[in-house]
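Structure first, commentary second.
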Amino acid sequence: MPGQAANPPAWLGVSRLVAKRVLSALLTLLLVSVVIFVAASLLPGDAAQEVLGQSATAEQVAALRHEMGLDRPAVTRYADWLTSMLRGDPGWSYIAGMSVRDLIGTRLVNTLSLAGVTALVSVVLAMTIGLVSAINRGARLDRALNVVTLSLVAMPEFLIATVFVLIFSVKLVWLPSIAMISEEATWGETLRSCALPVACLAFVVTAQMARLTRAAVADELDRPYVEMARLKGVPLRRIVLFHIMPNAAGPVLNAMALSLSYLMGGALVIETIFSYPGLASLMVNAVTSRDMPLLQACAMVFCAAYLALILIADIVAILANPRLRA
Amino acid sequence: MRWAASLPLSGRIGLALVVFWLLVAIAGPMIAPYPVGRFVDQEVFSPLTGQFWLGSDYLGRDVLSRLIWGARYTVMLAAGAAALAVLAGTSVALFAAIRGGWIDEFISRAMDTLISIPSKIFSLVLVAAFGSSLPLLLLIAALIYIPGNYRIARALAVNLAEMDFVAVARARGEGALHIAWREILPNMIHPLLADMGLRFVFVVLLLSGLSFLGLGVQPPYADLGSLVRENISGLAQGSSAILSPALAIASLTVGANLLIDALKPGGGH
Amino acid sequence: MTDPARPAVEVSGLCISVELPGGSSRPIVEDISFAIPKGEVLALIGESGSGKTTIALAMMGYSRFGGHISADCIRVGDMRIDQMDAAGLRRLRGSRVAYIAQSAAAAFNPSRTIIAQVIEPLTVHGLASPAAARQRAIDLFRELALPWPETIGDRYPHQVSGGQLQRLMAAMALITGPELVILDEPTTALDVTTQVEVLNVFKSALAKSGATAIYVSHDLAVVAQMADRIVVLKDGRIAEQGEAAAVLHQPQSDYAKTLLAASQPVERAAGPSRADSVLSVEAVHAGYGRIREGRAAMPVIADVSFELGKGQSLGVIGESGSGKSTLARVIAGLLPASAGTVRLGGETLAAGLAERSKEQLRRVQIVFQNADTALNPAQTVFDTLARPLAFYHGITGAAASDRVARLLETIQLDPALARRRTAELSGGQKQRVNLARALAAEPDVLLCDEVTSALDTVVGAAILELIDGLRRDLGIATVFISHDLSMVRAFCDEMLVLYAGQAVEMCAKEAFPGSAHHPYTDLLVASVPELDSAWLASRGGQPGPAMPEAQVTGELCRFLPRCPLVITGTCDRLPPPLITAPGQRVLCHRHGKAEPSDQEHLVTGASR
Ligand SMILES: Nc1ncnc2c1ncn2[C@@H]1O[C@H](COP(=O)(O)OP(=O)(O)OP(=O)(O)O)[C@@H](O)[C@H]1O
Ligand code: SF4
Ligand SMILES: [Mg+2]
């Protein structure tokens with residue numbers, strides 16, 4: 001094609017774009033770490049005093065302060081904290097008397113598997129609901145789904161959880177209300193005990209995701225190229241799949257990443273209610289006991305996971321856009 | 001009233017629920033049958049009776065009275081935090097959008113950073129750091145929802161700032177304050193009110209979630225989330241002491257959501 | 001069935017109505033009847049909102065806003081559109097009745113290749129295999145005079161020009177060999193020079209395919225080239241219909257007469273001859289992005305100069321993107337010039353707004369193209385007009401009400417409108433308020449940026465008339481920015497032609513006829529359609545551009561890639577000289593030289 005030789009190859013542009021997104025995400029993560037560090041260091045009172053209690057002598061406190069490094073300037077402490085985080089060793093919990101890394105260890109895996117299963121269930125459900133709503137836009141089905149999802153996104157998780165427990169554990173006695181995860185448990189037992197937490201989480205996440213998906217697709221439905229396709233006699237199903245989806249891929253992926261990030265907030269309540277041994281319930285405990293090193297580490301893990309989700313959605317959207325690939 | 005009648009059914013239900021809870025929050029102390037902390041029942045978790053319309057709680061207190069007071073805290077805290085968040089977010093957004101340049105970039109980057117900390121996670125860090133007295137909870141909730149409002153308000157303001165009528169005002173020689181206040185802001189009111197409604201819902205969910213975890217409103221005060229938490233032992237009996245505050249929160253947030261959805265242009269279909 | 005006398009398309013008693021929230025319904029169009037003989041083109045003309053597109057789309061059984069279509073008969077060939085079900089309509093759309101939309105840029109899906117969309121009518125209706133469809137598309141591309149017919153289809157819509165995209169859409173419509181083609185303002189979004197090419201191609205392609213066509217347009221001169229029959233619409237009803245020549249030359253209805261009159265503005269007498277200069281623009285350069293060493297990062301305007309006296313009017317003309325609005329923004333101070341000076345009376349104006357005095361700002365007022373965005377929808381008409389009164393003249397209270405009422409009178413609006421919100425006005429009313437706001441400042445210079453291009457011809461003509469009267473009465477120097485040559489010629493004392501940001505020609509009204517012009521000016525003049533239906537044919541093949549898409553660098557003539565009269569060896573090496581003659585300034589090597597035919601270096605008619 002004349003005039004094309006001069007342009008740089010397309011993959012170069014795409015990889016440059018991807019590299020830019022990755023760098024921007026890393027920068028954001030760095031800034032987030034500053035915010036979390038600063039917020040956590042603003043403790044009114046002294047962390048050493050906190051650990052030792054009121055009865056401690058001034059010398060004891062001073063010694064612990066020194067051991068904890070609280071007598072060094074904030075910038076040095078931040079630098080140390082950041083480098084040790086990067087090395088995968090986020091410090092020592094004085095409250096639990098354990099390394100934060102060991103505390104987090106298996107709990108992270110538990111939370112990730114809970115989130116993974118929930119994500120799988122909700123993506124499938126939400127895509128179906130979102131597309132069905134958009135295709136039937138304005139029809140009775142769409143309006144009904146709108147009210148249902150709208151109500152679900154405004155439900156507090158603990159209401160859904162208590163109602164589920166009441167029905168399935170207390171009244172029907174089908175499923176346990178405590179999620180037991182142990183080495184000895186069989187697959188079937190693990191699944192049964194996780195059914196309620198997953199269902200509760202999936203409920204709200206699915207509703208959120210379905211709404212955002214519908215909105216992204218419905219936005220495209222109003223575009224003139226859709227009318228043109230209809231006037232060419234293209235059936236609506238084909239329009240949605242072949243004409244709209246390439247354009248809506250970015251917003252839909254973004255919607256998914258955003259709703260999945262909701263899992264993290266939801267997990268706080270759900271893990272606590274079902275005594276699920278995950279990272280979120282650990283974090284709640286860290287707040288109660290004011291275990292700052294642990295709290296900071298948990299917060300950073302959640303933020304990193306959130307940013308990673310958004311980043312992946314962004315990159316997939318870039319790769320899925322044929323105009324950028326061309 | 002004509003306006004209310006023009007709403008779709010879901011919107012009218014939402015409006016009714018929101019108005020109901022606002023009235024409860026305002027007039028609550030006058031209609032509560034018992035003082036909020038008094039032990040009035042010999043039994044605990046007693047069912048609905050003529051004397052205790054919503055039964056009694058785990059210490060034998062009147063659930064209805066506690067619910068009314070809880071709703072007052074929930075609604076007032078959330079309304080205050082939402083209004084504060086929108087006020088602060090929008091002011092900063094207008095400033096950034098009109099100034100432009102590196103100031104805008106700096107503020108936007110800072111807000112982007114704050115927005116990429118999931119709100120519940122952020123609230124835990126802040127509560128751990130500062131504590132959870134009522135004014136602090138209000139400030140924390142407002143702080144967490146400022147960046148979201150900033151984003152929306154800035155996008156609106158930037159779009160409006162590029163409109164020709166703003167160019168006309170600039171060419172006339174108008175100052176930045178006139179442009180922000182008289183030309184741009186009046187065109188943002190509707191979406192901003194809708195956003196405030198949404199943020200109200202978010203704050204209700206956030207604060208009751210925190211209270212449910214025992215990290216939010218602390219005794220002797222109790223919001224609706226605290227009521228669910230303190231009566232959790234009644235769950236096995238399906239006690240109304242736990243179900244009614246949970247349902248109260250849901251009816252408030254669902255109602256607000258339905259109303260906002262019906263009000264947005266083309267909403268409620 | 002094949003009765004030759006039977007028209008190919010027949011419509012009778014067509015009504016289309018929309019349902020209102022209360023349950024009642026409002027008719028959009030009523031009682032429409034017409035017939036089109038096979039192979040002929042019927043034009044639907046009328047102003048915006050008259051129901052042109054609504055009627056055309058009803059031929060496909062489609063209504064944009066869910067309107068209800070009822071008719072005694074809508075027949076295309078042997079198909080009764082009014083009796084078809086949804087599945088039947090779907091089979092017919094794109095295969096037997098095809099649609100060409102106003103904006104190809106919007107109607108193509110940005111994320112799919114062009115060819116995938118062009119062959120879709122064949123493949124979804126199962127009329128051809130993908131390979132055969134592709135071949136057919138390439139043949140059509142060639143027929144529609146598209147460059148690189150073999151490969152252009154593999155591009156995405158944003159990778160081709162607007163004129164090419166419009167032709168590609170024609171290929172998409174014609175690919176199934178439909179019986180009826182609907183063309184909905186297919187050239188309105190194009191520049192006038194591109195429009196001619198596209199019209200030519202459409203006309204021959206339609207003739208070749210033998211399809212019957214409905215051509216929707218608001219432009220009588222364009223319709224004159226395309227149509228055999230014309231239906232004139234007003235407020236959803238037929239005002240007049242008949243043979244094209246009859247409607248255009250002996251209109252019967254009052255409405256058609258008004259429409260014709262408005263489309264041919266009468267030339268006004270020139271204003272007072274060069275009085276003391278009010279506005280003078282000297283060697284102005286401007287662009288967007290950061291300014292470094294007198295150059296903007298994205299330069300748009302280069303070396304533009306002109307002078308304007310009290311009560312005079314200057315027309316600035318050029319195609320979209322040539323920098324007309326940019327020039328106006330520079331003069332108003334909204335966009336600081338990167339080099340050059342703007343003088344008002346004797347004073348030199350600072351480049352930016354902040355350094356200009358209030359008085360200087362008052363004396364230069366700008367009226368924007370689109371009144372929808374130029375008026376704050378949250379304000380009332382009174383707020384809008386009272387603000388400049390208070391700001392510049394300190395007039396408030398009862399005095400302000402008086403002045404607002406008088407202003408509304410000046411612009412011929414009912415003073416009762418003052419209490420309305422600007423969002424509640426019609427397009428023409430908005431544009432008048434937009435103008436009144438500028439007048440409220442009592443300016444010396446009025447910059448009018450395409451003030452009528454968003455309006456219907458009749459409404460726009462009235463507003464131009466109004467501005468013309470005001471500048472004569474009040475002695476306001478006026479800059480008219482427009483892409484419409486006939487309007488500029490009618491209303492302006494002088495004309496400035498911009499091409500790619502360069503002022504290629506400056507010409508006084510008296511000097512216009514007869515004198516030799518810049519090749520771009522000639523191209524513009526030759527591209528403005530005339531009411532004469534033979535115009536398009538008589539125009540014949542204009543010599544094509546001499547150079548393929550060369551990148552013009554440095555100081556060379558920017559028209560070089562498109563210039564049919566290029567002097568090789570000169571134009572591609574030296575910057576064009578500015579040749580000055582009485583009442584004229586031209587930026588061209590050829591100007592003042594011998595006629596083109598004497599030049600041996602001349603390259604003509606080179607193909608793209
Ligand atoms: N804010 C901007 N930033 C960068 N480039 C711009 C901006 N505004 C306009 N341009 C570019 O400057 C050039 C001239 O634009 P301008 O609006 O002056 O054209 P115009 O002649 O008024 O066109 P039209 O007839 O479409 O109104 C165009 O190439 C345009 O893309
Ligand atoms: S300078 Fe040369 S290329 Fe430019 S317009 Fe004149 S003849 Fe054409
Ligand atoms: Mg313009």
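Naming works like this for the structure tokens: A, B, ... for the chains as they're shown, residue 1 at the start of each chain, ligands 1 onward in shown order.
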For this session: Pull out every residue of chain A that has at least one atom within 7 Å of chain B, counting only C-alpha atoms, and report them as an MDAnalysis selection string.
Result: chainID A and resid 28 31:32 39:40 42:44 138 150:151 154:156 159 166 170 265 269 287 290 299 303 307
Residues of the last selection are to be written out with C-alpha atoms, as a compact mmCIF listing (two decimals), in the first residue's frame.
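selection.txt was written with the following content:
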# COMPACT_ATOMS: atom_id res chain seq x y z
CA THR A 28 0.62 4.60 40.92
CA LEU A 31 2.44 6.57 45.20
CA VAL A 32 -0.11 4.30 46.89
CA ALA A 39 -1.47 7.15 56.90
CA ALA A 40 -0.27 4.25 59.01
CA LEU A 42 0.20 9.03 61.74
CA LEU A 43 -0.79 6.91 64.73
CA PRO A 44 -1.73 9.20 67.56
CA GLY A 138 -36.34 -1.10 26.98
CA LEU A 150 -30.00 -2.09 40.94
CA SER A 151 -31.37 -3.42 44.23
CA ALA A 154 -27.22 -1.57 47.08
CA MET A 155 -27.52 -4.58 49.43
CA PRO A 156 -25.08 -4.73 52.30
CA LEU A 159 -27.70 -8.86 54.84
CA LEU A 166 -30.68 -18.38 57.92
CA VAL A 170 -30.35 -22.80 59.96
CA GLY A 265 -14.20 -5.03 49.99
CA VAL A 269 -17.32 -8.89 55.61
CA VAL A 287 -7.10 -3.26 62.67
CA ARG A 290 -3.66 -2.16 65.73
CA ALA A 299 -3.29 -3.10 52.31
CA CYS A 303 -3.86 -2.44 46.23
CA LEU A 307 -3.99 -2.26 40.12
For this session: Excluding Ala354 of chain C and any residue of its chain fewer than 5 positions from it, enumerate the residues within 10 Å of it, using only C-alpha atoms, and give them as JSON, numbers by chain.
Result: {"B": [170, 171, 173, 174, 175], "C": [333, 334, 361]}
Exercise. Counting only C-alpha atoms, what is within 9 Å of Arg387 of chain C, bar same-chain residues fewer than 6 positions away, as a list in words?
Worked result: Thr396, Arg437 and Ala440 of chain C
Problem set entry | Contacts of segment 247-258 of chain C within 10 Å, only C-alpha atoms, excl. fewer than 3 positions in-chain, as a PyMOL selection string | chain C and resi 45-46+220-221+223-224+229-234+239-244+261-263+457-458+531-533
Pull C-alpha atoms from the residues just selected and write them as a PDB file, in the first residue's frame.
ATOM      1  CA  ILE C  45     -35.955  18.804  -0.193  1.00  0.00           C
ATOM      2  CA  GLY C  46     -36.915  20.927   2.763  1.00  0.00           C
ATOM      3  CA  LEU C 220     -31.196  23.123  -4.253  1.00  0.00           C
ATOM      4  CA  ALA C 221     -28.131  23.446  -6.453  1.00  0.00           C
ATOM      5  CA  VAL C 223     -30.474  18.606  -6.191  1.00  0.00           C
ATOM      6  CA  ALA C 224     -30.520  20.297  -9.584  1.00  0.00           C
ATOM      7  CA  ARG C 229     -38.213  14.926  -9.993  1.00  0.00           C
ATOM      8  CA  ILE C 230     -38.466  17.037  -6.844  1.00  0.00           C
ATOM      9  CA  VAL C 231     -40.744  16.887  -3.810  1.00  0.00           C
ATOM     10  CA  VAL C 232     -40.624  20.046  -1.680  1.00  0.00           C
ATOM     11  CA  LEU C 233     -41.505  19.419   1.968  1.00  0.00           C
ATOM     12  CA  LYS C 234     -42.604  21.849   4.620  1.00  0.00           C
ATOM     13  CA  ALA C 239     -45.590  21.881  -0.494  1.00  0.00           C
ATOM     14  CA  GLU C 240     -44.988  21.177  -4.138  1.00  0.00           C
ATOM     15  CA  GLN C 241     -43.851  18.390  -6.437  1.00  0.00           C
ATOM     16  CA  GLY C 242     -43.006  18.008 -10.075  1.00  0.00           C
ATOM     17  CA  GLU C 243     -40.343  17.681 -12.739  1.00  0.00           C
ATOM     18  CA  ALA C 244     -37.014  19.006 -11.471  1.00  0.00           C
ATOM     19  CA  ALA C 261     -34.634  33.097  -3.289  1.00  0.00           C
ATOM     20  CA  ALA C 262     -32.725  32.293  -0.104  1.00  0.00           C
ATOM     21  CA  SER C 263     -30.367  29.958  -1.908  1.00  0.00           C
ATOM     22  CA  THR C 457     -31.160  28.406   4.301  1.00  0.00           C
ATOM     23  CA  VAL C 458     -34.143  30.686   4.796  1.00  0.00           C
ATOM     24  CA  LEU C 531     -28.999  25.720 -10.188  1.00  0.00           C
ATOM     25  CA  ASP C 532     -28.526  24.806 -13.834  1.00  0.00           C
ATOM     26  CA  SER C 533     -28.974  21.047 -14.119  1.00  0.00           C
TER      27      SER C 533
END
Would you list which chain C residues are within 8 Å of chain A using only C-alpha atoms, as a PDB file with C-alpha atoms, in the first residue's frame?
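After the write, part31.pdb holds the following:
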ATOM      1  CA  MET C  60     -37.313   0.498   4.266  1.00  0.00           C
ATOM      2  CA  LEU C  89     -38.200  -6.148   6.146  1.00  0.00           C
ATOM      3  CA  ARG C  90     -34.893  -7.479   7.337  1.00  0.00           C
ATOM      4  CA  ARG C  91     -34.491  -9.545   4.161  1.00  0.00           C
ATOM      5  CA  LEU C  92     -35.230  -6.511   2.042  1.00  0.00           C
ATOM      6  CA  ARG C  93     -32.972  -4.024   3.784  1.00  0.00           C
ATOM      7  CA  GLY C  94     -29.540  -3.879   2.232  1.00  0.00           C
ATOM      8  CA  SER C  95     -30.459  -6.326  -0.514  1.00  0.00           C
ATOM      9  CA  ALA C  98     -30.119   0.314   0.198  1.00  0.00           C
ATOM     10  CA  TYR C  99     -29.227   3.367   2.269  1.00  0.00           C
ATOM     11  CA  ALA C 101     -26.062   7.924   5.206  1.00  0.00           C
ATOM     12  CA  ALA C 106     -20.211   7.857  11.731  1.00  0.00           C
ATOM     13  CA  ALA C 107     -21.935   5.153   9.727  1.00  0.00           C
ATOM     14  CA  PHE C 108     -18.867   2.948   9.348  1.00  0.00           C
ATOM     15  CA  ASN C 109     -17.927   0.809  12.309  1.00  0.00           C
ATOM     16  CA  PRO C 110     -14.547   2.171  13.430  1.00  0.00           C
ATOM     17  CA  SER C 111     -13.281  -1.232  14.556  1.00  0.00           C
ATOM     18  CA  ARG C 112     -13.844  -3.312  11.423  1.00  0.00           C
ATOM     19  CA  GLU C 120     -21.779  -7.605   4.520  1.00  0.00           C
ATOM     20  CA  PRO C 121     -25.035  -6.929   2.611  1.00  0.00           C
ATOM     21  CA  VAL C 124     -25.811 -11.708   5.472  1.00  0.00           C
ATOM     22  CA  HIS C 125     -28.423 -12.138   2.792  1.00  0.00           C
ATOM     23  CA  TRP C 148      -5.829   1.472  -4.808  1.00  0.00           C
ATOM     24  CA  THR C 151      -6.221  -2.853  -1.089  1.00  0.00           C
ATOM     25  CA  TYR C 156      -9.973   0.940   8.693  1.00  0.00           C
TER      26      TYR C 156
END
For this session: Check every protein, DNA and RNA residue against ligand 2, keep those with an atom at most 8 Å away (counting only C-alpha atoms and all ligand atoms), and present them as a PyMOL selection string.
Result: chain C and resi 518-520+556-567+570-572+575-577+587-591
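All residues of protein, DNA or RNA that reach within 7 Å of Lys38 of chain C, judged by only C-alpha atoms and not counting those fewer than 5 positions away in the chain, are Pro7, Ala8 and Thr212 of chain C.
With only C-alpha atoms and all ligand atoms as the atoms that count, the set of residues no farther than 8 Å from ligand 3 is C:Ser320, C:Gly321, C:Gly323, C:Lys324, C:Ser325, C:Thr326, C:Gln369, C:Asp449, C:Glu450, C:Ile481.
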Any chance you can output those residues with all heavy atoms as a PDB file, in the first residue's frame?
ATOM      1  N   SER C 320     -12.746  23.120   5.350  1.00  0.00           N
ATOM      2  CA  SER C 320     -12.690  22.749   6.750  1.00  0.00           C
ATOM      3  C   SER C 320     -11.248  22.455   7.150  1.00  0.00           C
ATOM      4  O   SER C 320     -10.535  21.763   6.437  1.00  0.00           O
ATOM      5  CB  SER C 320     -13.560  21.520   6.958  1.00  0.00           C
ATOM      6  OG  SER C 320     -13.496  21.126   8.278  1.00  0.00           O
ATOM      7  N   GLY C 321     -10.821  23.013   8.257  1.00  0.00           N
ATOM      8  CA  GLY C 321      -9.461  22.790   8.721  1.00  0.00           C
ATOM      9  C   GLY C 321      -8.450  23.754   8.147  1.00  0.00           C
ATOM     10  O   GLY C 321      -7.259  23.655   8.425  1.00  0.00           O
ATOM     11  N   GLY C 323      -8.131  26.785   8.876  1.00  0.00           N
ATOM     12  CA  GLY C 323      -7.662  27.716   9.896  1.00  0.00           C
ATOM     13  C   GLY C 323      -8.529  28.954  10.037  1.00  0.00           C
ATOM     14  O   GLY C 323      -8.113  29.940  10.640  1.00  0.00           O
ATOM     15  N   LYS C 324      -9.755  28.923   9.519  1.00  0.00           N
ATOM     16  CA  LYS C 324     -10.624  30.097   9.591  1.00  0.00           C
ATOM     17  C   LYS C 324     -10.972  30.435  11.037  1.00  0.00           C
ATOM     18  O   LYS C 324     -10.813  31.581  11.467  1.00  0.00           O
ATOM     19  CB  LYS C 324     -11.923  29.837   8.800  1.00  0.00           C
ATOM     20  CG  LYS C 324     -11.712  29.398   7.378  1.00  0.00           C
ATOM     21  CD  LYS C 324     -13.013  29.205   6.633  1.00  0.00           C
ATOM     22  CE  LYS C 324     -13.900  28.106   7.184  1.00  0.00           C
ATOM     23  NZ  LYS C 324     -13.384  26.745   6.931  1.00  0.00           N
ATOM     24  N   SER C 325     -11.448  29.428  11.768  1.00  0.00           N
ATOM     25  CA  SER C 325     -11.820  29.690  13.163  1.00  0.00           C
ATOM     26  C   SER C 325     -10.598  30.067  13.971  1.00  0.00           C
ATOM     27  O   SER C 325     -10.665  30.921  14.865  1.00  0.00           O
ATOM     28  CB  SER C 325     -12.463  28.453  13.780  1.00  0.00           C
ATOM     29  OG  SER C 325     -13.621  28.117  13.074  1.00  0.00           O
ATOM     30  N   THR C 326      -9.476  29.447  13.670  1.00  0.00           N
ATOM     31  CA  THR C 326      -8.241  29.769  14.376  1.00  0.00           C
ATOM     32  C   THR C 326      -7.916  31.253  14.217  1.00  0.00           C
ATOM     33  O   THR C 326      -7.542  31.926  15.186  1.00  0.00           O
ATOM     34  CB  THR C 326      -7.102  28.897  13.827  1.00  0.00           C
ATOM     35  OG1 THR C 326      -7.501  27.534  13.897  1.00  0.00           O
ATOM     36  CG2 THR C 326      -5.827  29.101  14.613  1.00  0.00           C
ATOM     37  N   GLN C 369     -20.083  29.967  15.674  1.00  0.00           N
ATOM     38  CA  GLN C 369     -20.819  29.192  14.692  1.00  0.00           C
ATOM     39  C   GLN C 369     -22.076  28.526  15.263  1.00  0.00           C
ATOM     40  O   GLN C 369     -23.163  28.660  14.741  1.00  0.00           O
ATOM     41  CB  GLN C 369     -19.842  28.128  14.186  1.00  0.00           C
ATOM     42  CG  GLN C 369     -20.429  27.003  13.387  1.00  0.00           C
ATOM     43  CD  GLN C 369     -19.310  26.207  12.719  1.00  0.00           C
ATOM     44  OE1 GLN C 369     -18.146  26.495  12.889  1.00  0.00           O
ATOM     45  NE2 GLN C 369     -19.696  25.250  11.925  1.00  0.00           N
ATOM     46  N   ASP C 449     -18.199  33.742  13.057  1.00  0.00           N
ATOM     47  CA  ASP C 449     -17.648  32.468  12.616  1.00  0.00           C
ATOM     48  C   ASP C 449     -18.767  31.544  12.152  1.00  0.00           C
ATOM     49  O   ASP C 449     -19.437  30.930  12.965  1.00  0.00           O
ATOM     50  CB  ASP C 449     -16.856  31.837  13.774  1.00  0.00           C
ATOM     51  CG  ASP C 449     -16.100  30.603  13.323  1.00  0.00           C
ATOM     52  OD1 ASP C 449     -16.206  30.241  12.136  1.00  0.00           O
ATOM     53  OD2 ASP C 449     -15.390  29.998  14.142  1.00  0.00           O
ATOM     54  N   GLU C 450     -18.930  31.433  10.848  1.00  0.00           N
ATOM     55  CA  GLU C 450     -19.936  30.517  10.278  1.00  0.00           C
ATOM     56  C   GLU C 450     -21.275  30.657  10.985  1.00  0.00           C
ATOM     57  O   GLU C 450     -21.860  29.664  11.405  1.00  0.00           O
ATOM     58  CB  GLU C 450     -19.473  29.067  10.422  1.00  0.00           C
ATOM     59  CG  GLU C 450     -18.070  28.843   9.933  1.00  0.00           C
ATOM     60  CD  GLU C 450     -17.997  27.875   8.779  1.00  0.00           C
ATOM     61  OE1 GLU C 450     -19.045  27.674   8.128  1.00  0.00           O
ATOM     62  OE2 GLU C 450     -16.911  27.376   8.494  1.00  0.00           O
ATOM     63  N   ILE C 481     -16.755  34.664   8.522  1.00  0.00           N
ATOM     64  CA  ILE C 481     -16.029  33.438   8.209  1.00  0.00           C
ATOM     65  C   ILE C 481     -17.026  32.453   7.629  1.00  0.00           C
ATOM     66  O   ILE C 481     -18.128  32.296   8.174  1.00  0.00           O
ATOM     67  CB  ILE C 481     -15.386  32.879   9.476  1.00  0.00           C
ATOM     68  CG1 ILE C 481     -14.230  33.786   9.855  1.00  0.00           C
ATOM     69  CG2 ILE C 481     -14.917  31.457   9.272  1.00  0.00           C
ATOM     70  CD1 ILE C 481     -13.664  33.512  11.197  1.00  0.00           C
TER      71      ILE C 481
END
Exercise. How would you write, as number ranges by chain, the set of residues no farther than 10 Å from ligand 1 when counting only C-alpha atoms and all ligand atoms?
Worked result: B: 162; C: 189, 191, 286-289, 297-301, 316-330, 335, 369, 449-450, 453, 481-484, 498-501
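Residues of chain C lying within 8 Å of chain B, counting only C-alpha atoms, are Ala332, Gly333, Leu334, Leu353, Ala354, Lys358, Leu361, Arg362, Gln365, Ile366, Phe368, Thr373, Ala374, Leu375, Asn376, Pro377, Ala378 and Pro388 of chain C.
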Exercise. Near segment 19-33 of chain B, within 9 Å and counting only C-alpha atoms, which residues show up once chain neighbours fewer than 6 positions away are dropped, as an MDAnalysis selection string?
Worked result: chainID B and resid 52 62 64:76 248 251:252
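When atom CA of Thr90 of chain B is paired with atom CA of Arg420 of chain C, their separation reads 28.4 Å.
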